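Q: You'll find start.txt just under this line, and it carries compact mmCIF, C-alpha atoms.
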```txt
# COMPACT_ATOMS: atom_id res chain seq x y z
CA MET Q 1 7.51 -2.82 0.39
CA ILE Q 2 4.60 -4.89 -0.85
CA ASN Q 3 2.35 -5.26 2.17
CA ARG Q 4 -0.90 -7.12 2.72
CA GLU Q 5 -3.05 -4.09 1.97
CA LEU Q 6 -1.58 -3.90 -1.52
CA ILE Q 7 -1.73 -7.70 -1.92
CA ARG Q 8 -5.46 -7.72 -1.08
CA ILE Q 9 -6.10 -5.00 -3.67
CA LYS Q 10 -4.22 -6.95 -6.33
CA VAL Q 11 -5.96 -10.22 -5.48
CA VAL Q 12 -9.37 -8.51 -5.78
CA GLN Q 13 -8.42 -6.98 -9.13
CA LEU Q 14 -6.91 -10.18 -10.57
CA THR Q 15 -9.70 -12.43 -9.29
CA TYR Q 16 -12.26 -10.16 -10.93
CA ALA Q 17 -10.21 -10.19 -14.15
CA TYR Q 18 -9.90 -13.98 -13.97
CA TYR Q 19 -13.67 -14.38 -14.27
CA GLN Q 20 -14.01 -11.67 -16.90
CA ASN Q 21 -11.41 -13.21 -19.21
CA GLY Q 22 -12.33 -16.12 -21.44
CA GLU Q 23 -9.24 -18.15 -20.62
CA LYS Q 24 -9.29 -19.46 -17.06
CA SER Q 25 -5.76 -20.74 -16.54
CA MET Q 26 -4.79 -20.76 -12.87
CA GLU Q 27 -1.11 -20.82 -13.74
CA ASN Q 28 -1.36 -17.80 -16.05
CA ALA Q 29 -3.54 -15.93 -13.56
CA GLU Q 30 -1.01 -16.49 -10.79
CA LYS Q 31 1.81 -15.25 -13.00
CA GLU Q 32 -0.26 -12.17 -13.76
CA LEU Q 33 -0.75 -11.55 -10.03
CA LEU Q 34 2.97 -11.73 -9.28
CA PHE Q 35 3.75 -9.56 -12.32
CA SER Q 36 1.23 -6.99 -11.11
CA LEU Q 37 2.90 -6.91 -7.69
CA SER Q 38 6.33 -6.53 -9.30
CA LYS Q 39 5.02 -3.53 -11.27
CA SER Q 40 4.05 -1.92 -7.96
CA TYR Q 41 7.65 -2.22 -6.84
CA TYR Q 42 8.78 -0.71 -10.14
CA LEU Q 43 6.47 2.24 -9.45
CA TYR Q 44 8.08 2.73 -6.02
CA ASN Q 45 11.53 2.97 -7.60
CA TYR Q 46 10.19 5.05 -10.49
CA LEU Q 47 8.80 7.69 -8.12
CA LEU Q 48 12.08 7.82 -6.20
CA LEU Q 49 13.83 8.36 -9.53
CA LEU Q 50 11.54 11.34 -10.16
CA ILE Q 51 13.31 13.15 -7.30
CA VAL Q 52 16.60 12.47 -9.10
CA ALA Q 53 15.16 13.68 -12.42
CA VAL Q 54 14.00 16.95 -10.82
CA SER Q 55 17.43 17.45 -9.21
CA ARG Q 56 19.15 16.95 -12.56
CA GLU Q 57 16.85 19.44 -14.27
CA GLU Q 58 17.43 21.98 -11.49
CA ARG Q 59 21.17 21.45 -11.81
CA HIS Q 60 20.91 22.14 -15.54
CA ARG Q 61 18.99 25.36 -14.85
CA VAL Q 62 21.53 26.54 -12.30
CA ASP Q 63 24.44 25.81 -14.65
CA ILE Q 64 22.79 27.99 -17.32
CA ALA Q 65 22.10 30.73 -14.76
CA ILE Q 66 25.72 30.65 -13.56
CA GLN Q 67 27.02 30.97 -17.12
CA ARG Q 68 24.70 33.90 -17.72
CA ALA Q 69 25.72 35.56 -14.44
CA GLU Q 70 29.41 35.27 -15.34
CA ARG Q 71 28.76 36.55 -18.83
CA GLU Q 72 26.66 39.52 -17.73
CA GLY Q 73 28.34 40.26 -14.41
CA LEU Q 74 25.25 39.35 -12.39
CA ALA Q 75 25.07 37.87 -8.88
CA ARG Q 76 25.80 34.17 -8.81
CA PRO Q 77 22.60 32.12 -8.23
CA SER Q 78 22.22 30.01 -5.11
CA GLU Q 79 23.23 26.37 -5.48
CA LYS Q 80 21.60 25.27 -2.24
CA PHE Q 81 18.83 23.21 -3.81
CA VAL Q 82 21.02 21.47 -6.38
CA ASN Q 83 23.50 20.62 -3.60
CA ASN Q 84 20.73 19.16 -1.46
CA ARG Q 85 22.49 16.29 0.32
CA PHE Q 86 19.49 13.99 0.47
CA ALA Q 87 18.84 14.32 -3.29
CA LEU Q 88 22.51 13.76 -4.11
CA GLN Q 89 22.60 10.71 -1.85
CA LEU Q 90 19.51 9.31 -3.57
CA GLU Q 91 21.07 9.94 -6.99
CA GLU Q 92 24.09 7.88 -5.94
CA ASN Q 93 22.06 5.15 -4.23
CA LYS Q 94 23.34 1.72 -5.23
CA MET Q 95 20.01 -0.08 -5.00
CA LEU Q 96 18.20 2.54 -7.10
CA ASN Q 97 20.95 2.62 -9.73
CA GLU Q 98 21.08 -1.16 -9.86
CA PHE Q 99 17.31 -1.31 -10.33
CA PHE Q 100 17.51 1.11 -13.27
CA ALA Q 101 20.84 -0.18 -14.59
CA ASN Q 102 19.44 -0.40 -18.12
CA ASP Q 103 16.96 2.47 -17.84
CA ASN Q 104 18.61 5.22 -15.80
CA GLN Q 105 16.92 7.94 -17.88
CA ALA Q 106 13.44 6.57 -17.24
CA TRP Q 107 11.90 10.07 -16.95
CA GLU Q 108 13.43 11.40 -20.19
CA GLU Q 109 10.26 10.68 -22.16
CA HIS Q 110 8.34 12.87 -19.72
CA LEU Q 111 10.85 15.70 -19.51
CA ASP Q 112 8.14 18.30 -20.12
CA TYR Q 113 6.39 17.12 -16.98
CA VAL Q 114 9.65 17.18 -14.99
CA ARG Q 115 10.22 20.79 -16.10
CA ARG Q 116 6.68 21.81 -15.12
CA LEU Q 117 7.17 20.13 -11.75
CA CYS Q 118 10.39 22.11 -11.29
CA ASN Q 119 8.45 25.30 -11.96
CA HIS Q 120 5.84 24.37 -9.33
CA ILE Q 121 8.60 23.56 -6.85
CA GLU Q 122 10.36 26.90 -7.40
CA GLU Q 123 7.05 28.74 -6.92
CA SER Q 124 6.14 26.85 -3.76
CA GLU Q 125 6.32 28.38 -0.29
CA THR Q 126 8.23 25.31 0.92
CA TYR Q 127 11.01 25.86 -1.62
CA ILE Q 128 11.15 29.63 -1.03
CA ASN Q 129 11.41 29.18 2.75
CA TYR Q 130 14.08 26.49 2.32
CA MET Q 131 16.21 28.69 0.06
CA ALA Q 132 15.92 31.63 2.49
CA ASP Q 133 16.66 29.58 5.60
CA PRO Q 134 20.31 29.95 6.73
CA THR Q 135 20.11 26.47 8.30
CA ASP Q 136 22.51 24.14 6.56
CA SER Q 137 21.91 20.55 7.64
CA TYR Q 138 21.21 17.13 6.18
CA ASN Q 139 17.94 16.92 8.12
CA ALA Q 140 16.73 20.19 6.56
CA ASP Q 141 17.70 18.89 3.10
CA ARG Q 142 15.78 15.68 3.63
CA GLU Q 143 12.78 17.42 5.18
CA VAL Q 144 12.31 19.84 2.28
CA TRP Q 145 12.04 16.90 -0.10
CA ARG Q 146 9.57 15.12 2.16
CA LYS Q 147 7.39 18.23 2.15
CA LEU Q 148 7.73 18.83 -1.60
CA TYR Q 149 6.85 15.25 -2.41
CA LYS Q 150 3.82 15.30 -0.12
CA GLN Q 151 2.57 18.68 -1.30
CA LEU Q 152 3.28 18.55 -5.03
CA ILE Q 153 3.59 14.93 -6.15
CA VAL Q 154 1.14 12.98 -3.99
CA LYS Q 155 -1.90 15.00 -5.18
CA ASP Q 156 -0.70 15.76 -8.71
CA GLU Q 157 -3.35 14.77 -11.26
CA GLU Q 158 -0.91 15.23 -14.13
CA ILE Q 159 1.42 12.54 -12.83
CA ASP Q 160 -1.59 10.28 -12.26
CA ALA Q 161 -2.38 10.55 -15.97
CA ILE Q 162 1.24 9.80 -16.91
CA LEU Q 163 1.35 6.72 -14.68
CA GLU Q 164 -2.00 5.47 -15.95
CA GLU Q 165 -0.73 5.75 -19.50
CA LYS Q 166 2.55 4.03 -18.66
CA SER Q 167 1.07 0.98 -16.91
CA ILE Q 168 -2.47 -0.35 -16.44
CA TYR Q 169 -1.34 -1.81 -13.12
CA TRP Q 170 -0.68 1.59 -11.58
CA ASN Q 171 -4.25 2.93 -11.56
CA ASP Q 172 -4.80 2.03 -7.91
CA ASP Q 173 -1.22 1.67 -6.70
CA LYS Q 174 0.03 5.21 -6.33
CA ASP Q 175 -1.74 6.14 -3.09
CA ILE Q 176 -0.15 3.21 -1.28
CA VAL Q 177 3.22 3.52 -3.02
CA ASP Q 178 3.37 7.23 -2.10
CA THR Q 179 3.30 6.24 1.57
CA PHE Q 180 6.31 3.97 0.98
CA VAL Q 181 8.22 6.72 -0.82
CA LEU Q 182 7.62 9.10 2.11
CA LYS Q 183 8.64 6.36 4.54
CA THR Q 184 11.84 5.82 2.56
CA ILE Q 185 12.69 9.54 2.63
CA ASN Q 186 12.25 9.54 6.43
CA GLN Q 187 14.51 6.51 6.79
CA PHE Q 188 17.45 8.00 4.89
CA SER Q 189 20.56 8.67 6.98
CA GLN Q 190 23.58 10.65 5.84
CA GLU Q 191 25.94 8.12 7.42
CA ASN Q 192 24.72 5.38 5.08
CA GLY Q 193 25.78 7.21 1.95
CA ALA Q 194 25.20 5.34 -1.30
CA ASP Q 195 24.65 2.12 0.67
CA GLN Q 196 21.38 3.36 2.15
CA GLU Q 197 18.89 0.51 1.84
CA LEU Q 198 15.63 1.07 0.04
CA LEU Q 199 12.56 -0.98 0.90
CA PRO Q 200 12.77 -4.55 -0.46
CA GLU Q 201 10.11 -5.80 -2.87
CA PHE Q 202 8.78 -8.22 -0.25
CA LYS Q 203 9.50 -7.95 3.46
CA ASP Q 204 9.99 -11.71 3.52
CA GLU Q 205 8.94 -14.84 1.65
CA ASP Q 206 5.79 -15.12 3.80
CA GLU Q 207 4.25 -12.08 2.07
CA LYS Q 208 4.69 -13.63 -1.37
CA LEU Q 209 3.24 -16.91 -0.07
CA PHE Q 210 0.31 -14.97 1.39
CA ALA Q 211 -0.48 -13.52 -2.04
CA ARG Q 212 -0.30 -16.86 -3.85
CA LYS Q 213 -2.20 -18.81 -1.19
CA LEU Q 214 -4.98 -16.23 -0.91
CA PHE Q 215 -5.41 -16.03 -4.68
CA ARG Q 216 -5.45 -19.80 -5.15
CA ALA Q 217 -7.85 -20.40 -2.26
CA ALA Q 218 -10.26 -17.73 -3.52
CA ILE Q 219 -10.51 -19.32 -6.97
CA LEU Q 220 -10.13 -23.03 -6.28
CA ASN Q 221 -12.70 -23.03 -3.45
CA ALA Q 222 -15.10 -20.56 -5.06
CA GLU Q 223 -17.99 -23.03 -5.25
CA ASN Q 224 -17.91 -23.70 -1.50
CA TYR Q 225 -17.59 -20.02 -0.68
CA HIS Q 226 -20.56 -19.14 -2.89
CA ARG Q 227 -22.60 -21.76 -1.09
CA TYR Q 228 -21.73 -20.20 2.27
CA MET Q 229 -22.83 -16.81 0.93
CA SER Q 230 -26.09 -18.24 -0.36
CA GLU Q 231 -26.87 -20.08 2.87
CA THR Q 232 -26.33 -16.99 5.00
CA SER Q 233 -28.14 -14.49 2.75
CA ARG Q 234 -31.67 -15.85 3.09
CA ASN Q 235 -33.10 -12.33 3.35
CA TRP Q 236 -31.30 -11.21 0.20
CA ASP Q 237 -31.52 -12.17 -3.44
CA PHE Q 238 -27.99 -13.50 -3.85
CA LYS Q 239 -28.25 -13.43 -7.65
CA ARG Q 240 -28.88 -9.69 -7.64
CA LEU Q 241 -25.68 -8.84 -5.81
CA ALA Q 242 -23.12 -6.66 -7.58
CA TYR Q 243 -20.58 -9.03 -9.10
CA MET Q 244 -17.71 -7.21 -7.41
CA ASP Q 245 -19.43 -7.77 -4.05
CA VAL Q 246 -19.38 -11.51 -4.69
CA VAL Q 247 -15.70 -11.43 -5.63
CA ILE Q 248 -14.76 -9.40 -2.55
CA MET Q 249 -16.69 -11.69 -0.19
CA GLN Q 250 -15.23 -14.75 -1.90
CA ILE Q 251 -11.70 -13.53 -1.21
CA ALA Q 252 -12.57 -12.46 2.35
CA ILE Q 253 -13.89 -15.96 3.11
CA ALA Q 254 -10.72 -17.45 1.60
CA GLU Q 255 -8.64 -15.31 3.96
CA MET Q 256 -10.75 -16.18 7.01
CA MET Q 257 -10.46 -19.89 6.32
CA SER Q 258 -6.87 -20.07 5.06
CA PHE Q 259 -5.01 -17.91 7.57
CA PRO Q 260 -5.74 -18.91 11.18
CA THR Q 261 -3.57 -16.17 12.72
CA ILE Q 262 -5.48 -13.27 11.09
CA PRO Q 263 -8.41 -12.21 13.32
CA VAL Q 264 -11.84 -12.32 11.70
CA SER Q 265 -12.44 -8.64 12.55
CA VAL Q 266 -9.26 -7.62 10.69
CA THR Q 267 -10.29 -9.53 7.57
CA ILE Q 268 -13.83 -8.11 7.59
CA ASN Q 269 -12.60 -4.51 8.04
CA GLU Q 270 -10.07 -4.84 5.20
CA TYR Q 271 -12.61 -6.10 2.67
CA VAL Q 272 -15.34 -3.69 3.75
CA ASP Q 273 -12.87 -0.88 2.95
CA LEU Q 274 -12.17 -2.44 -0.46
CA ALA Q 275 -15.89 -2.72 -1.16
CA LYS Q 276 -16.31 1.01 -0.50
CA ILE Q 277 -13.65 1.71 -3.14
CA TYR Q 278 -14.40 -0.88 -5.83
CA SER Q 279 -18.12 -1.60 -5.59
CA THR Q 280 -21.40 0.25 -5.03
CA PRO Q 281 -22.06 2.94 -2.35
CA LYS Q 282 -24.13 0.47 -0.32
CA SER Q 283 -21.70 -2.43 -0.65
CA GLY Q 284 -19.63 -1.66 2.43
CA ALA Q 285 -22.49 -1.96 4.91
CA TYR Q 286 -23.95 -5.01 3.17
CA ILE Q 287 -20.64 -6.88 2.98
CA ASN Q 288 -19.91 -6.05 6.61
CA GLY Q 289 -23.14 -7.73 7.71
CA MET Q 290 -22.78 -10.65 5.33
CA LEU Q 291 -19.20 -11.47 6.30
CA ASP Q 292 -20.07 -11.29 9.98
CA SER Q 293 -22.94 -13.76 9.42
CA ILE Q 294 -20.76 -16.04 7.29
CA ALA Q 295 -17.98 -16.05 9.89
CA ARG Q 296 -20.43 -17.01 12.64
CA TYR Q 297 -21.85 -19.76 10.45
CA LEU Q 298 -18.36 -21.12 9.74
CA VAL Q 299 -17.43 -21.10 13.43
CA LYS Q 300 -20.71 -22.65 14.54
CA SER Q 301 -20.53 -25.40 11.90
CA GLY Q 302 -16.91 -26.19 12.80
CA LYS Q 303 -15.62 -25.27 9.34
CA MET Q 304 -13.42 -22.50 10.76
CA GLN Q 305 -11.42 -22.72 13.97
CA LYS Q 306 -11.53 -19.10 15.04
CA VAL Q 307 -13.22 -17.18 17.82
CA MET Q 308 -15.34 -14.12 17.05
CA LYS Q 309 -14.42 -10.95 18.94
CA ASP Q 310 -17.67 -10.71 20.89
CA GLU Q 311 -17.44 -14.42 21.72
CA VAL Q 312 -14.08 -13.68 23.36
CA LYS Q 313 -15.77 -11.00 25.48
CA LYS Q 314 -18.53 -13.43 26.46
CA ASP Q 315 -15.92 -16.01 27.42
CA VAL Q 316 -14.07 -13.45 29.55
CA VAL Q 317 -17.30 -12.41 31.27
CA LYS Q 318 -18.16 -16.06 31.87
CA LYS Q 319 -14.72 -16.78 33.33
CA ASN Q 320 -14.93 -13.70 35.55
CA PHE Q 321 -18.40 -14.75 36.69
CA VAL Q 322 -17.16 -18.23 37.57
CA LYS Q 323 -14.09 -16.78 39.25
CA ASN Q 324 -16.17 -14.34 41.30
CA ASP Q 325 -18.59 -17.13 42.21
CA GLU Q 326 -15.70 -19.31 43.34
CA GLU Q 327 -14.27 -16.44 45.38
CA LYS Q 328 -17.64 -15.95 47.07
CA ASN Q 329 -17.84 -19.67 47.87
CA ASP Q 330 -14.32 -19.50 49.36
CA GLU Q 331 -15.38 -16.53 51.47
CA VAL Q 332 -18.41 -18.45 52.76
CA LYS Q 333 -16.23 -21.45 53.55
CA ASN Q 334 -13.78 -19.24 55.43
CA ASP Q 335 -16.62 -17.62 57.40
CA VAL Q 336 -18.02 -21.01 58.35
CA SER Q 337 -14.59 -22.34 59.42
CA ASN Q 338 -13.90 -19.21 61.46
CA GLN Q 339 -17.18 -19.65 63.33
```
Turn the structure described in the file into structure tokens.

A:
Amino acid sequence: MINRELIRIKVVQLTYAYYQNGEKSMENAEKELLFSLSKSYYLYNYLLLLIVAVSREERHRVDIAIQRAEREGLARPSEKFVNNRFALQLEENKMLNEFFANDNQAWEEHLDYVRRLCNHIEESETYINYMADPTDSYNADREVWRKLYKQLIVKDEEIDAILEEKSIYWNDDKDIVDTFVLKTINQFSQENGADQELLPEFKDEDEKLFARKLFRAAILNAENYHRYMSETSRNWDFKRLAYMDVVIMQIAIAEMMSFPTIPVSVTINEYVDLAKIYSTPKSGAYINGMLDSIARYLVKSGKMQKVMKDEVKKDVVKKNFVKNDEEKNDEVKNDVSNQ
């Protein structure tokens, strides 16, 4: 589940914190990074468990309504939503239950929020249409939850406040984690039952190594990276840069120099986007220009063995020119021989 976009965010946050804290222990900082990433995975599972918590609350409401209907001779309420096959499958999911083996009632302390969310769901057009639709299929059950999550949970400011209070690591995680929750809902299959696989914490060991290597390189080689920034910012007062700009560029340079398979353009785009979020309004454009200049300097000086995108185009044009020239020479030779 933890992808490189999330890793870059965490490395920026933890590198900034590393310099702000008095104690500069690389070992402790690295542990903090990995703990922060693990909390993101907890959030992923925690948000999936919210669907279960809502289903349980709805089941409780329906049970009360059924008792009242039997007592007063009223029409029996529909049980369609509480028998939603996707939600029941998620409630029985082995991976989710194993993750919360010692904390299966994780949303109990926020039961008031769960109840308010149930009210919003029952009032929503998506829920009303679902309950009125005679279609009875697993796909429809799964789709209604995908829509409800996207419409009512993704943009919910109240849940943002709850998550911020619960963990300082979740301030910037939810937007990304929401995409993984929606992806998980889409991947559910009725045939898999309780054995349906959720997303793993890391896709493979390489992603964890990427996080540790990037973080270490950014901090341990900071002096060299700052020198590259200074040498390529002759028209700027380097000392007047926003501190977050320096941190972001420092990490971007670490990525450019430490991971030969990641194109320079990809690295620059990723950190320009982060600058727009975490630094000043003008930071994105400035960092874009600076990183481009730094990358060219590193390539030209032989410190980085990568090819810039426009250099590739020049090389292709050059090869085509040579090829065309050779073809013309061959044509001349053929004309001469034919004469």

Q: Using only C-alpha atoms, which protein or nucleic acid residues come within 10 Å of Arg8 in chain Q? Drop anything in the same chain fewer than 3 positions from it, and give the result as a VMD selection string.

A: chain Q and resid 3 to 5 11 to 14 210 to 211 214 to 215 248 251 to 252 255 270 to 271 274

Q: Rank Q:Asn171, Q:Thr267, Q:Thr280, Q:Gln89 by their smallest atom-to-atom distance to Asn192 in chain Q, using all atoms listed in the file, and report the top residue only.

A: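 Ranking Q:Asn171, Q:Thr267, Q:Thr280, Q:Gln89 by distance to Asn192 in chain Q, first place goes to Q:Gln89.
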
Q: Mind giving me the straight-line distance from CA of Glu58 in chain Q to CA of Asn83 in chain Q in Å, one decimal?

A: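 CA of Asn83 in chain Q lies 10.0 Å from CA of Glu58 in chain Q.
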
Q: Please list as a PyMOL selection string every residue within 7 Å of range 94-107 of chain Q, counting all atoms listed in the file and excluding residues in the same chain fewer than 4 positions away.

A: chain Q and resi 45+50+53+111+194-195+197-198

Q: Step by step: start from the point (3.6, 3.2, -18.9) in the file's coordinates, keep every protein, DNA or RNA residue that has an atom no farther than 12 Å from it, count all atoms listed in the file, and write the set as a PyMOL selection string.

A: chain Q and resi 39+42-43+46+106-107+109-110+159-171

Q: Just the number, please: distance in Å from CA of Glu125 in chain Q to CA of Arg142 in chain Q, one decimal.

A: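 So the two atoms, CA of Glu125 in chain Q and CA of Arg142 in chain Q, lie 16.3 Å apart.
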
Q: Could you state the separation of CA of Ser78 in chain Q and CA of Val62 in chain Q in Å, given to one decimal place?

A: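 Rounded to one decimal, the two atoms are 8.0 Å apart.
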
Q: Give the answer as one residue: which of Q:Arg61, Q:Lys147, Q:Lys31, Q:Arg71 has the shortest atom-to-atom distance to Arg216 in chain Q, using only C-alpha atoms?

A: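 Of all the options, Q:Lys31 lies closest to Arg216 in chain Q.
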
Q: Nearest residue to Pro134 in chain Q out of Q:Lys80, Q:Glu122, Q:Tyr278, Q:Gln151, using all atoms listed in the file?

A: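 Once distances to Pro134 in chain Q are computed over all atoms listed in the file, the minimum belongs to Q:Lys80.
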
Q: With only C-alpha atoms as the atoms that count, which of Q:Lys150, Q:Lys208, Q:Arg59, Q:Lys203 lies nearest to Leu33 in chain Q?

A: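 For Leu33 in chain Q, the nearest of the given residues is Q:Lys208.
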
Q: Please determine, counting all atoms listed in the file, which residue among Q:Arg146, Q:His226, Q:Arg212, Q:Lys174 has the shortest atom-to-atom distance to Gln187 in chain Q.

A: Q:Arg146

Q: Between Q:Pro260, Q:Gly289, Q:Gly193, Q:Pro200, which residue has the minimum interatomic distance to Thr232 in chain Q, considering only C-alpha atoms?

A: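 Of all the options, Q:Gly289 lies closest to Thr232 in chain Q.
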